[in-house]
>>> print(open('target.txt').read())   # compact mmCIF, C-alpha atoms
# COMPACT_ATOMS: atom_id res chain seq x y z
CA MET E 1 26.52 18.89 -3.06
CA SER E 2 23.92 16.81 -1.21
CA LYS E 3 20.51 16.05 -2.71
CA THR E 4 17.27 16.03 -0.72
CA TYR E 5 14.92 13.05 -0.86
CA ILE E 6 11.28 13.60 0.18
CA ILE E 7 9.14 10.73 1.50
CA MET E 8 5.38 11.20 1.49
CA ALA E 9 4.08 9.81 4.80
CA GLU E 10 0.54 8.42 4.76
CA VAL E 11 -1.89 8.29 7.66
CA ARG E 12 -4.98 6.12 7.97
CA GLU E 13 -7.37 6.26 10.92
CA GLY E 14 -4.86 8.17 13.03
CA LYS E 15 -1.92 5.81 12.39
CA LEU E 16 1.07 5.90 10.08
CA ARG E 17 0.64 3.39 7.27
CA GLN E 18 3.22 0.62 6.92
CA VAL E 19 4.05 1.77 3.38
CA THR E 20 5.47 4.97 4.89
CA PHE E 21 8.29 3.02 6.55
CA GLU E 22 8.82 1.02 3.37
CA ALA E 23 9.17 4.29 1.44
CA ILE E 24 11.81 5.45 3.93
CA ARG E 25 13.82 2.28 3.31
CA ALA E 26 13.37 2.71 -0.46
CA ALA E 27 14.71 6.26 -0.30
CA GLY E 28 17.66 4.99 1.72
CA LEU E 29 18.46 2.48 -1.02
CA ILE E 30 18.44 5.19 -3.69
CA LYS E 31 20.31 8.05 -2.02
CA GLU E 32 24.04 8.57 -1.58
CA ASP E 33 25.73 8.85 1.82
CA GLY E 34 25.10 12.27 3.32
CA ASP E 35 21.95 12.98 1.32
CA PRO E 36 19.15 14.05 3.70
CA LEU E 37 15.86 12.16 3.92
CA VAL E 38 12.89 14.42 4.63
CA ALA E 39 9.44 13.07 5.48
CA VAL E 40 6.29 15.09 4.78
CA LEU E 41 3.38 14.50 7.13
CA MET E 42 -0.03 16.06 6.50
CA GLY E 43 -3.21 15.91 8.53
CA TYR E 44 -5.14 17.52 11.32
CA GLY E 45 -5.25 17.06 15.09
CA SER E 46 -2.78 14.30 15.97
CA ILE E 47 0.09 15.36 13.70
CA ALA E 48 2.49 16.26 16.54
CA SER E 49 2.50 12.76 18.04
CA LEU E 50 2.72 11.09 14.62
CA ALA E 51 5.63 13.36 13.67
CA ALA E 52 7.45 12.37 16.87
CA GLU E 53 6.93 8.70 16.00
CA LEU E 54 8.09 9.19 12.42
CA ALA E 55 11.22 11.05 13.58
CA GLN E 56 12.62 7.81 15.04
CA TYR E 57 13.07 6.07 11.67
CA GLY E 58 16.48 7.30 10.52
CA ILE E 59 15.45 10.41 8.63
CA SER E 60 16.86 13.93 8.83
CA GLN E 61 13.71 16.02 9.10
CA VAL E 62 9.95 15.72 9.41
CA HIS E 63 7.90 18.54 7.90
CA ALA E 64 4.56 18.43 9.72
CA MET E 65 1.58 20.26 8.22
CA ASP E 66 -1.35 20.45 10.63
CA HIS E 67 -4.38 22.08 9.03
CA VAL E 68 -8.11 21.36 8.97
CA ASP E 69 -8.07 21.27 5.15
CA LEU E 70 -5.62 18.35 5.30
CA GLU E 71 -7.72 16.15 7.59
CA HIS E 72 -9.02 14.10 4.63
CA TYR E 73 -7.30 13.53 1.31
CA ASN E 74 -8.18 16.11 -1.30
CA ALA E 75 -6.05 16.29 -4.46
CA ASP E 76 -6.09 20.10 -4.60
CA HIS E 77 -5.07 20.57 -0.97
CA TYR E 78 -2.46 17.80 -0.87
CA PHE E 79 -0.87 18.83 -4.18
CA THR E 80 -0.76 22.46 -3.01
CA ALA E 81 0.98 21.33 0.18
CA ILE E 82 3.51 19.11 -1.60
CA SER E 83 4.24 21.78 -4.22
CA GLN E 84 4.95 24.32 -1.47
CA LEU E 85 7.55 21.95 -0.04
CA ILE E 86 9.00 21.23 -3.48
CA ASP E 87 9.52 24.99 -3.95
CA GLN E 88 11.09 25.27 -0.51
CA LEU E 89 13.36 22.18 -0.51
CA GLN E 90 14.09 21.70 -4.24
CA PRO E 91 14.28 17.91 -3.81
CA HIS E 92 16.13 15.52 -6.08
CA ALA E 93 13.50 12.80 -5.54
CA LEU E 94 10.01 12.17 -4.20
CA ILE E 95 9.05 8.71 -2.91
CA PHE E 96 5.38 7.73 -2.57
CA GLY E 97 3.58 4.53 -1.72
CA HIS E 98 1.78 2.99 -4.70
CA THR E 99 -1.54 3.61 -2.97
CA SER E 100 -4.65 5.49 -4.02
CA VAL E 101 -3.05 8.67 -2.63
CA GLY E 102 0.38 8.02 -4.13
CA ARG E 103 -0.99 7.09 -7.54
CA ASP E 104 -2.95 10.34 -7.58
CA LEU E 105 -0.28 12.70 -6.27
CA ALA E 106 2.89 11.31 -7.87
CA PRO E 107 2.07 12.22 -11.51
CA MET E 108 1.06 15.75 -10.47
CA ALA E 109 4.32 16.17 -8.55
CA ALA E 110 6.33 14.73 -11.46
CA ALA E 111 4.73 17.17 -13.89
CA TYR E 112 5.30 20.07 -11.47
CA MET E 113 9.00 19.16 -11.10
CA ASN E 114 9.44 18.21 -14.78
CA ALA E 115 10.68 14.88 -13.44
CA GLY E 116 10.67 11.30 -14.66
CA GLN E 117 8.49 8.78 -12.86
CA ILE E 118 8.68 5.03 -12.26
CA SER E 119 5.57 3.49 -10.70
CA ASP E 120 4.68 0.29 -8.83
CA VAL E 121 8.27 -0.56 -7.88
CA ILE E 122 8.74 -3.89 -6.11
CA ALA E 123 12.56 -3.96 -5.80
CA ILE E 124 15.49 -1.54 -5.86
CA GLU E 125 19.11 -2.47 -6.61
CA LYS E 126 22.22 -0.31 -6.61
CA THR E 127 25.28 -1.54 -8.50
CA ALA E 128 28.37 0.61 -9.02
CA GLY E 129 26.35 3.71 -8.24
CA GLU E 130 23.61 2.84 -10.75
CA VAL E 131 20.13 2.37 -9.31
CA SER E 132 17.70 -0.04 -10.99
CA PHE E 133 13.98 -0.24 -10.25
CA THR E 134 12.02 -3.46 -10.86
CA ARG E 135 8.31 -3.31 -11.65
CA PRO E 136 5.83 -5.96 -12.85
CA LEU E 137 4.21 -6.00 -16.28
CA TYR E 138 1.28 -7.88 -17.85
CA ALA E 139 -0.45 -8.70 -14.56
CA GLY E 140 2.79 -9.99 -13.01
CA LYS E 141 3.72 -12.33 -15.89
CA ALA E 142 6.86 -10.32 -16.68
CA PHE E 143 9.14 -7.80 -14.99
CA GLU E 144 11.22 -4.90 -16.22
CA LYS E 145 14.16 -3.03 -14.77
CA LYS E 146 14.28 0.69 -15.35
CA GLN E 147 16.75 3.47 -14.55
CA PHE E 148 16.54 7.24 -14.50
CA THR E 149 18.89 8.96 -16.94
CA GLU E 150 18.79 12.18 -14.90
CA GLY E 151 16.97 13.85 -12.02
CA PRO E 152 14.73 14.91 -10.53
CA LEU E 153 12.84 11.67 -10.08
CA VAL E 154 9.52 10.40 -8.69
CA VAL E 155 8.97 6.81 -7.52
CA THR E 156 5.95 4.92 -6.16
CA ILE E 157 6.55 1.63 -4.35
CA ARG E 158 4.11 -1.25 -4.04
CA PRO E 159 3.23 -2.03 -0.39
CA ASN E 160 4.60 -5.23 1.19
CA ASN E 161 7.56 -5.60 -1.18
CA ILE E 162 10.39 -3.50 0.28
CA THR E 163 11.53 -4.14 3.85
CA ALA E 164 10.32 -1.41 6.19
CA ALA E 165 12.75 0.96 7.92
CA GLU E 166 13.40 0.33 11.60
CA ILE E 167 13.62 2.61 14.61
CA THR E 168 17.08 4.13 15.15
CA ASP E 169 18.80 5.97 18.00
CA VAL E 170 18.91 9.20 15.99
CA HIS E 171 15.79 11.35 16.12
CA ALA E 172 14.96 13.69 13.26
CA GLU E 173 14.19 17.37 13.63
CA VAL E 174 10.44 18.06 13.47
CA VAL E 175 9.60 21.24 11.57
CA GLN E 176 6.10 22.70 11.91
CA THR E 177 5.41 23.88 8.37
CA VAL E 178 2.62 26.36 7.68
CA TYR E 179 0.16 25.26 5.03
CA ILE E 180 -1.23 27.99 2.78
CA PRO E 181 -4.49 26.81 1.16
CA PRO E 182 -5.12 27.56 -2.53
CA SER E 183 -7.38 30.47 -3.44
CA SER E 184 -9.77 28.17 -5.31
CA LEU E 185 -10.65 24.47 -5.31
CA ARG E 186 -11.96 22.14 -8.01
CA SER E 187 -13.47 19.79 -5.44
CA VAL E 188 -14.42 19.78 -1.76
CA VAL E 189 -14.59 16.75 0.58
CA LYS E 190 -17.87 16.97 2.47
CA ASP E 191 -17.85 13.58 4.13
CA VAL E 192 -15.90 10.32 4.16
CA VAL E 193 -17.73 6.98 4.22
CA ARG E 194 -15.53 3.98 4.84
CA LYS E 195 -16.49 0.42 4.02
CA THR E 196 -13.81 -1.84 5.39
CA SER E 197 -13.13 -5.56 5.14
CA GLY E 198 -11.93 -5.73 8.74
CA LYS E 199 -9.41 -4.34 11.17
CA VAL E 200 -6.44 -4.87 8.84
CA ASP E 201 -5.76 -2.75 5.75
CA LEU E 202 -6.17 -5.05 2.75
CA THR E 203 -3.25 -3.63 0.73
CA GLU E 204 -0.81 -3.92 3.65
CA ALA E 205 -2.05 -7.15 5.23
CA LYS E 206 0.48 -9.93 5.82
CA ILE E 207 -2.29 -12.54 5.60
CA ILE E 208 -5.41 -12.33 3.42
CA ILE E 209 -8.41 -14.68 3.45
CA SER E 210 -10.26 -14.21 0.19
CA GLY E 211 -13.63 -15.52 -0.97
CA GLY E 212 -15.12 -16.08 -4.42
CA ARG E 213 -18.46 -17.19 -5.82
CA GLY E 214 -18.00 -20.40 -3.84
CA VAL E 215 -19.02 -18.59 -0.63
CA LYS E 216 -22.55 -18.57 -2.16
CA SER E 217 -23.93 -15.68 -0.09
CA LEU E 218 -23.22 -12.77 2.23
CA GLU E 219 -23.44 -15.21 5.14
CA GLY E 220 -20.83 -17.37 3.42
CA PHE E 221 -18.14 -14.83 4.31
CA LYS E 222 -18.63 -15.38 8.06
CA PRO E 223 -16.33 -18.45 8.28
CA LEU E 224 -13.66 -16.46 6.42
CA GLU E 225 -14.08 -13.52 8.81
CA GLN E 226 -13.74 -15.86 11.80
CA LEU E 227 -10.49 -17.30 10.41
CA ALA E 228 -9.25 -13.78 9.69
CA GLU E 229 -9.99 -12.75 13.27
CA VAL E 230 -7.85 -15.62 14.58
CA LEU E 231 -4.95 -14.89 12.21
CA ASN E 232 -5.20 -11.07 12.42
CA ALA E 233 -5.76 -11.14 8.66
CA ALA E 234 -7.73 -9.07 6.16
CA VAL E 235 -10.70 -10.39 4.19
CA GLY E 236 -10.77 -9.93 0.42
CA ALA E 237 -12.91 -11.13 -2.47
CA SER E 238 -12.92 -11.91 -6.16
CA ARG E 239 -14.90 -9.79 -8.57
CA GLY E 240 -17.34 -12.66 -8.95
CA ALA E 241 -18.25 -12.47 -5.27
CA CYS E 242 -18.60 -8.68 -5.47
CA ASP E 243 -20.73 -8.82 -8.63
CA ALA E 244 -22.98 -11.40 -6.98
CA GLY E 245 -23.63 -8.97 -4.11
CA TYR E 246 -21.94 -11.12 -1.46
CA CYS E 247 -19.64 -8.29 -0.37
CA ASP E 248 -18.68 -4.68 -1.05
CA TYR E 249 -16.42 -3.76 -3.98
CA SER E 250 -13.92 -2.25 -1.52
CA MET E 251 -12.89 -5.88 -0.85
CA GLN E 252 -12.23 -6.72 -4.50
CA ILE E 253 -8.81 -8.08 -5.43
CA GLY E 254 -7.82 -8.38 -9.07
CA GLN E 255 -7.11 -6.54 -12.27
CA THR E 256 -9.97 -4.10 -11.69
CA GLY E 257 -9.61 -4.12 -7.90
CA LYS E 258 -6.74 -3.99 -5.44
CA VAL E 259 -3.31 -5.50 -6.07
CA VAL E 260 -1.98 -7.25 -2.97
CA THR E 261 1.26 -9.02 -2.06
CA PRO E 262 0.74 -10.63 1.36
CA GLU E 263 2.95 -13.24 2.95
CA ILE E 264 0.04 -15.72 2.85
CA TYR E 265 -3.00 -15.64 0.56
CA ILE E 266 -5.80 -18.13 1.25
CA ALA E 267 -8.25 -18.35 -1.67
CA CYS E 268 -11.57 -19.90 -0.67
CA GLY E 269 -14.04 -20.86 -3.37
CA ILE E 270 -12.13 -18.88 -6.01
CA SER E 271 -11.76 -20.53 -9.42
CA GLY E 272 -8.66 -18.52 -10.38
CA ALA E 273 -9.66 -16.41 -13.37
CA ILE E 274 -6.75 -14.49 -14.94
CA GLN E 275 -8.26 -11.18 -13.81
CA HIS E 276 -8.14 -12.29 -10.17
CA LEU E 277 -4.64 -13.73 -10.47
CA ALA E 278 -3.45 -10.33 -11.69
CA GLY E 279 -4.18 -8.93 -8.23
CA MET E 280 -2.66 -11.64 -6.02
CA SER E 281 -0.23 -13.82 -7.98
CA GLN E 282 2.80 -12.15 -6.35
CA SER E 283 1.77 -13.36 -2.88
CA ARG E 284 4.60 -15.22 -1.11
CA ILE E 285 2.52 -18.33 -0.33
CA ILE E 286 -0.81 -19.11 -2.00
CA ILE E 287 -3.20 -21.64 -0.44
CA ALA E 288 -6.27 -22.66 -2.45
CA ILE E 289 -9.45 -24.27 -1.10
CA ASN E 290 -11.87 -25.42 -3.80
CA LYS E 291 -14.22 -28.34 -4.44
CA ASP E 292 -13.16 -28.53 -8.10
CA PRO E 293 -9.76 -30.28 -8.43
CA GLU E 294 -9.44 -28.83 -11.94
CA ALA E 295 -9.87 -25.19 -10.82
CA PRO E 296 -7.16 -22.95 -12.39
CA ILE E 297 -6.28 -21.55 -8.94
CA PHE E 298 -4.45 -24.81 -8.15
CA LYS E 299 -1.96 -24.10 -10.96
CA VAL E 300 -0.57 -21.09 -9.08
CA ALA E 301 -1.15 -22.36 -5.53
CA ASP E 302 1.74 -23.52 -3.35
CA TYR E 303 -0.68 -25.64 -1.33
CA GLY E 304 -4.12 -26.87 -2.36
CA ILE E 305 -7.04 -28.38 -0.47
CA VAL E 306 -9.74 -30.06 -2.54
CA GLY E 307 -12.85 -29.78 -0.40
CA ASP E 308 -15.86 -27.75 0.67
CA LEU E 309 -14.72 -24.42 2.12
CA PHE E 310 -17.59 -24.54 4.64
CA GLU E 311 -16.04 -27.69 6.10
CA VAL E 312 -12.35 -26.87 5.62
CA VAL E 313 -12.26 -23.23 6.83
CA PRO E 314 -13.90 -23.91 10.25
CA LEU E 315 -11.45 -26.80 10.78
CA LEU E 316 -8.53 -24.48 9.98
CA THR E 317 -9.93 -21.88 12.36
CA GLU E 318 -10.13 -24.36 15.24
CA GLU E 319 -6.63 -25.71 14.58
CA PHE E 320 -5.10 -22.23 14.43
CA LYS E 321 -6.85 -21.34 17.68
CA LYS E 322 -5.21 -24.33 19.37
CA ILE E 323 -1.78 -23.53 17.91
CA LEU E 324 -1.91 -19.83 18.78
CA ALA E 325 -3.20 -20.55 22.29
>>> encode(input="target.txt", output="structure tokens")
Amino acid sequence: MSKTYIIMAEVREGKLRQVTFEAIRAAGLIKEDGDPLVAVLMGYGSIASLAAELAQYGISQVHAMDHVDLEHYNADHYFTAISQLIDQLQPHALIFGHTSVGRDLAPMAAAYMNAGQISDVIAIEKTAGEVSFTRPLYAGKAFEKKQFTEGPLVVTIRPNNITAAEITDVHAEVVQTVYIPPSSLRSVVKDVVRKTSGKVDLTEAKIIISGGRGVKSLEGFKPLEQLAEVLNAAVGASRGACDAGYCDYSMQIGQTGKVVTPEIYIACGISGAIQHLAGMSQSRIIIAINKDPEAPIFKVADYGIVGDLFEVVPLLTEEFKKILA
């Protein structure tokens, strides 16, 4: 008998988030041949076009819920919606991105299903029918492999670690699913205020330019933003820069901020405190720019530049402009 796998699709600013396609690939690595993959898409207004896009990625069905109450994330509404689909589909597994939404919803879904949960997965391996999930521990200093002893199961995957699913020739069936709001709510979303570090989502960015106390001021982030514009990168910050008032806390990377795993991480004026390393040490390539040759950041960097970031970053920007032209 086949088992259904549900993928929670995420939408940001009218677009499907990259982690959605990574979750589809993750589900494909877990399931057996013939098991259906079902994506759940929630929102309001542009759901039909997003569902049509999602249907191209090798899944069996897309359950689209288009309702005004689902326009912005609200734990009560989204959990009600996902629980209605759990009752309807009786899934063997739910796959979420390890995002603010996934981290909030996954434990509620696991409790509702009486399921086990493994969070922050960065790799999935299947050997002789046994599936192992790798996740980091102790701020990335160690890793553990875990397995489920029985189903159902709930998994959250860290963005930028599992290869995203690709478009296929087979298009999934799109099912318009009616959302029935709960009779009462514990909270209501009145307004959404976004403070963003740029055009690129920090947690899904392939390249991140990050600044620390060495940027010295709010104006000190401008060279970093100019380099990010050239490289189509996101701009991040250390807690030190946030605490000093140089930037908003939405840009913070570290143990008490966002955890990122970009292809390239350029640390500008960041000393490399252990709390910051906890949020970016799993980056593929780390480039450090710092005036202090003894800065701890150089111990984890693949490439290091000892120099003033206000001289080095503009030079990098000009060189990249020439190369990309």
>>> closest_residue(input="target.txt", among="E:Lys216, E:Lys258, E:His77, E:His98", to="Ala244 in chain E", atoms="all atoms listed in the file")
E:Lys216
>>> atom_distance(input="target.txt", atom1="CA of Thr168 in chain E", atom2="CA of His92 in chain E")
24.1 Å
>>> closest_residue(input="target.txt", among="E:Asp191, E:Asp308, E:Asp302, E:Glu130", to="Ile264 in chain E", atoms="only C-alpha atoms")
E:Asp302
>>> closest_residue(input="target.txt", among="E:Ser283, E:Ser49, E:Gln56, E:Ser184", to="Ile167 in chain E", atoms="all atoms listed in the file")
E:Gln56
>>> residues_around(input="target.txt", residues="Glu125 in chain E", least_positions_apart="2", cutoff="12 Å", atoms="only C-alpha atoms", output="PyMOL selection string")
chain E and resi 26-31+121-123+127-135+145-147+162
>>> residues_around(input="target.txt", residues="Arg25 in chain E", least_positions_apart="4", cutoff="10 Å", atoms="only C-alpha atoms", output="list of chain:residue names")
E:Ile7, E:Val19, E:Thr20, E:Phe21, E:Leu29, E:Ile30, E:Tyr57, E:Gly58, E:Ile59, E:Ile162, E:Thr163, E:Ala164, E:Ala165, E:Glu166
>>> closest_residue(input="target.txt", among="E:Ala110, E:Arg158, E:Tyr5, E:Leu137", to="Ile124 in chain E", atoms="only C-alpha atoms")
E:Arg158
>>> closest_residue(input="target.txt", among="E:Gln226, E:Gln252, E:Ser210, E:Ser217", to="Cys268 in chain E", atoms="only C-alpha atoms")
E:Ser210
>>> residues_near_point(input="target.txt", point="(-5.5, -10.6, 4.3)", cutoff="6 Å", atoms="all atoms listed in the file", output="PyMOL selection string")
chain E and resi 202+205+207-209+233-235
>>> write_last_selection(input="target.txt", atoms="C-alpha atoms", output="short mmCIF file (atom, residue, chain, number, x, y, z; two decimals), in the frame of the given file")
data_model
loop_
_atom_site.label_atom_id
_atom_site.label_comp_id
_atom_site.auth_asym_id
_atom_site.auth_seq_id
_atom_site.Cartn_x
_atom_site.Cartn_y
_atom_site.Cartn_z
CA LEU E 202 -6.17 -5.05 2.75
CA ALA E 205 -2.05 -7.15 5.23
CA ILE E 207 -2.29 -12.54 5.60
CA ILE E 208 -5.41 -12.33 3.42
CA ILE E 209 -8.41 -14.68 3.45
CA ALA E 233 -5.76 -11.14 8.66
CA ALA E 234 -7.73 -9.07 6.16
CA VAL E 235 -10.70 -10.39 4.19
#
>>> residues_around(input="target.txt", residues="Ile270 in chain E", least_positions_apart="2", cutoff="9 Å", atoms="all atoms listed in the file", output="MDAnalysis selection string")
chainID E and resid 210:215 237:238 240:241 267:268 272:273 276 288:290 295 297
>>> closest_residue(input="target.txt", among="E:Phe96, E:Phe143, E:Tyr112, E:Tyr138", to="Pro159 in chain E", atoms="only C-alpha atoms")
E:Phe96
>>> atom_distance(input="target.txt", atom1="CA of Tyr249 in chain E", atom2="CA of Leu185 in chain E")
28.8 Å
>>> atom_distance(input="target.txt", atom1="CA of Pro262 in chain E", atom2="CA of Lys206 in chain E")
4.5 Å
>>> residues_near_point(input="target.txt", point="(-8.8, 13.7, 1.5)", cutoff="12 Å", atoms="all atoms listed in the file", output="number ranges by chain")
E: 10-12, 42-44, 68-79, 100-101, 104-105, 187-193
>>> residues_around(input="target.txt", residues="Gly14 in chain E", least_positions_apart="6", cutoff="9 Å", atoms="all atoms listed in the file", output="JSON, numbers by chain")
{"E": [46, 47, 50]}
>>> axis_aligned_box(input="target.txt", around="range 72-90 of chain E", padding_each_side="8 Å", output="JSON")
{"center_x": 2.5, "center_y": 19.4, "center_z": 0.0, "size_x": 39.1, "size_y": 27.7, "size_z": 25.2}
>>> residues_around(input="target.txt", residues="Leu94 in chain E", least_positions_apart="3", cutoff="9 Å", atoms="all atoms listed in the file", output="number ranges by chain")
E: 4-8, 27, 91, 106, 109-110, 152-156
>>> build_atoms(input="target.txt", residues="range 106-115 of chain E", atoms="all heavy atoms", output="compact mmCIF listing (two decimals), in the coordinates of the input")
# COMPACT_ATOMS: atom_id res chain seq x y z
N ALA E 106 1.57 11.44 -7.24
CA ALA E 106 2.89 11.31 -7.87
C ALA E 106 2.94 11.91 -9.27
O ALA E 106 3.87 12.66 -9.59
CB ALA E 106 3.32 9.84 -7.88
N PRO E 107 1.99 11.63 -10.17
CA PRO E 107 2.07 12.22 -11.51
C PRO E 107 1.97 13.75 -11.49
O PRO E 107 2.64 14.42 -12.29
CB PRO E 107 0.86 11.60 -12.25
CG PRO E 107 0.52 10.38 -11.47
CD PRO E 107 0.85 10.71 -10.06
N MET E 108 1.17 14.29 -10.57
CA MET E 108 1.06 15.75 -10.47
C MET E 108 2.39 16.35 -10.01
O MET E 108 2.84 17.37 -10.54
CB MET E 108 -0.07 16.13 -9.51
CG MET E 108 -1.46 15.78 -10.04
SD MET E 108 -2.79 16.47 -9.02
CE MET E 108 -2.78 15.33 -7.65
N ALA E 109 3.02 15.69 -9.04
CA ALA E 109 4.32 16.17 -8.55
C ALA E 109 5.38 16.05 -9.64
O ALA E 109 6.22 16.94 -9.81
CB ALA E 109 4.73 15.38 -7.31
N ALA E 110 5.35 14.93 -10.39
CA ALA E 110 6.33 14.73 -11.46
C ALA E 110 6.19 15.81 -12.53
O ALA E 110 7.19 16.35 -13.01
CB ALA E 110 6.17 13.35 -12.07
N ALA E 111 4.95 16.13 -12.89
CA ALA E 111 4.73 17.17 -13.89
C ALA E 111 5.19 18.53 -13.38
O ALA E 111 5.79 19.32 -14.11
CB ALA E 111 3.25 17.22 -14.27
N TYR E 112 4.92 18.79 -12.08
CA TYR E 112 5.30 20.07 -11.47
C TYR E 112 6.82 20.23 -11.45
O TYR E 112 7.35 21.33 -11.67
CB TYR E 112 4.73 20.14 -10.06
CG TYR E 112 4.92 21.47 -9.37
CD1 TYR E 112 4.11 22.56 -9.68
CD2 TYR E 112 5.90 21.64 -8.40
CE1 TYR E 112 4.27 23.78 -9.05
CE2 TYR E 112 6.07 22.86 -7.75
CZ TYR E 112 5.25 23.93 -8.09
OH TYR E 112 5.42 25.14 -7.46
N MET E 113 7.53 19.12 -11.19
CA MET E 113 9.00 19.16 -11.10
C MET E 113 9.68 18.94 -12.45
O MET E 113 10.90 19.01 -12.54
CB MET E 113 9.48 18.08 -10.13
CG MET E 113 9.04 18.25 -8.69
SD MET E 113 9.42 16.76 -7.71
CE MET E 113 11.21 16.74 -7.76
N ASN E 114 8.89 18.61 -13.49
CA ASN E 114 9.44 18.21 -14.78
C ASN E 114 10.38 17.01 -14.58
O ASN E 114 11.51 16.98 -15.09
CB ASN E 114 10.19 19.36 -15.45
CG ASN E 114 10.49 19.09 -16.91
OD1 ASN E 114 9.76 18.33 -17.56
ND2 ASN E 114 11.55 19.67 -17.42
N ALA E 115 9.87 16.03 -13.84
CA ALA E 115 10.68 14.88 -13.44
C ALA E 115 10.20 13.62 -14.13
O ALA E 115 9.04 13.51 -14.58
CB ALA E 115 10.59 14.68 -11.92
